[in-house]
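Enquirer: Below is a structure I'd like to ask you about.
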Amino acid sequence: MSNFRKNDMRIIISAVSLFVLYGCATNSGIVDLGGGNYVYEKEDSMAYNGNAVKVEILKEAAAFCAKQGKQMIVQSSSAKPYTPASSYAGAEVQFSCN
């Protein structure tokens, strides 16, 4: 194989790897809704169950409130399972810190 083809293959493999890693999860982070209310949405292509993603969010939200010396209060939450060829498992939690 010529050097040109080897370099092309390296570029292609690197690009595909980046796309795969980028597609593994989406994460809004904690978003301030105002008035002491927050929302956090997260999807994970490696998770099968949305409830597992919700537990991750709840832990991160609790830590966020604890850093402020407050306790997390869940306002609402939802979870969705992985759907083949359609969507990743994910969850959303709305909460406040009191």
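Letters for chains follow the order of the structure tokens (A, B, ...), residue numbers begin at 1 for each chain, and ligand numbers begin at 1 in the order shown.
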Just want the 7 Å neighbourhood of region 43-53 of chain A, counted on only C-alpha atoms, with same-chain residues fewer than 5 positions away dropped. Output as a PyMOL selection string.

Expert: chain A and resi 24-27+79-82+88-91

Enquirer: Keeping N, CA and C atoms, export the residues of the selection given above as a PDB file, in the first residue's frame.

Expert:
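Result written to part.pdb:
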```
ATOM      1  N   CYS A  24     -22.045   9.641  21.127  1.00  0.00           N
ATOM      2  CA  CYS A  24     -22.316   8.791  22.277  1.00  0.00           C
ATOM      3  C   CYS A  24     -23.281   9.413  23.270  1.00  0.00           C
ATOM      4  N   ALA A  25     -23.313  10.710  23.393  1.00  0.00           N
ATOM      5  CA  ALA A  25     -24.194  11.312  24.384  1.00  0.00           C
ATOM      6  C   ALA A  25     -24.442  12.776  24.052  1.00  0.00           C
ATOM      7  N   THR A  26     -25.592  13.254  24.467  1.00  0.00           N
ATOM      8  CA  THR A  26     -25.870  14.682  24.441  1.00  0.00           C
ATOM      9  C   THR A  26     -26.211  15.081  25.866  1.00  0.00           C
ATOM     10  N   ASN A  27     -25.815  16.267  26.205  1.00  0.00           N
ATOM     11  CA  ASN A  27     -25.939  16.685  27.587  1.00  0.00           C
ATOM     12  C   ASN A  27     -26.159  18.192  27.610  1.00  0.00           C
ATOM     13  N   ALA A  79     -38.173   9.887  31.778  1.00  0.00           N
ATOM     14  CA  ALA A  79     -37.125   9.061  31.195  1.00  0.00           C
ATOM     15  C   ALA A  79     -37.685   8.366  29.966  1.00  0.00           C
ATOM     16  N   LYS A  80     -36.809   8.143  28.990  1.00  0.00           N
ATOM     17  CA  LYS A  80     -37.222   7.418  27.784  1.00  0.00           C
ATOM     18  C   LYS A  80     -36.198   6.331  27.496  1.00  0.00           C
ATOM     19  N   PRO A  81     -36.656   5.174  27.065  1.00  0.00           N
ATOM     20  CA  PRO A  81     -35.733   4.073  26.787  1.00  0.00           C
ATOM     21  C   PRO A  81     -35.066   4.244  25.426  1.00  0.00           C
ATOM     22  N   TYR A  82     -34.036   3.467  25.207  1.00  0.00           N
ATOM     23  CA  TYR A  82     -33.388   3.392  23.912  1.00  0.00           C
ATOM     24  C   TYR A  82     -34.364   2.804  22.915  1.00  0.00           C
ATOM     25  N   TYR A  88     -31.726   7.641  21.501  1.00  0.00           N
ATOM     26  CA  TYR A  88     -30.942   7.126  22.616  1.00  0.00           C
ATOM     27  C   TYR A  88     -31.793   7.121  23.882  1.00  0.00           C
ATOM     28  N   ALA A  89     -31.356   6.361  24.870  1.00  0.00           N
ATOM     29  CA  ALA A  89     -31.988   6.436  26.177  1.00  0.00           C
ATOM     30  C   ALA A  89     -31.681   7.810  26.756  1.00  0.00           C
ATOM     31  N   GLY A  90     -32.635   8.386  27.463  1.00  0.00           N
ATOM     32  CA  GLY A  90     -32.409   9.716  28.000  1.00  0.00           C
ATOM     33  C   GLY A  90     -33.358  10.040  29.130  1.00  0.00           C
ATOM     34  N   ALA A  91     -33.114  11.181  29.711  1.00  0.00           N
ATOM     35  CA  ALA A  91     -33.956  11.631  30.822  1.00  0.00           C
ATOM     36  C   ALA A  91     -33.879  13.144  30.943  1.00  0.00           C
TER      37      ALA A  91
END
```

Enquirer: Hey, what's within 8 Å of Asn98 (chain A) if we count only C-alpha atoms and toss same-chain stuff fewer than 5 positions away? As a list in words, please?

Expert: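 Answer for this query is Cys65, Lys70, Gln71, Met72 and Ile73 of chain A.
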
Enquirer: Pull C-alpha atoms from the residues just selected and write them as a PDB file, in the first residue's frame.

Expert:
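The result, written out as part.pdb:
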```pdb
ATOM      1  CA  CYS A  65     -27.265  21.991  45.076  1.00  0.00           C
ATOM      2  CA  LYS A  70     -28.794  23.546  49.698  1.00  0.00           C
ATOM      3  CA  GLN A  71     -30.865  20.442  49.140  1.00  0.00           C
ATOM      4  CA  MET A  72     -32.251  19.370  45.763  1.00  0.00           C
ATOM      5  CA  ILE A  73     -36.025  19.224  45.333  1.00  0.00           C
TER       6      ILE A  73
END
```

Enquirer: Using CA of Val74 (chain A) and CA of Val93 (chain A) as the two end points, give the distance in Å to one decimal.

Expert: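 Separation of CA of Val74 (chain A) and CA of Val93 (chain A): 7.1 Å.
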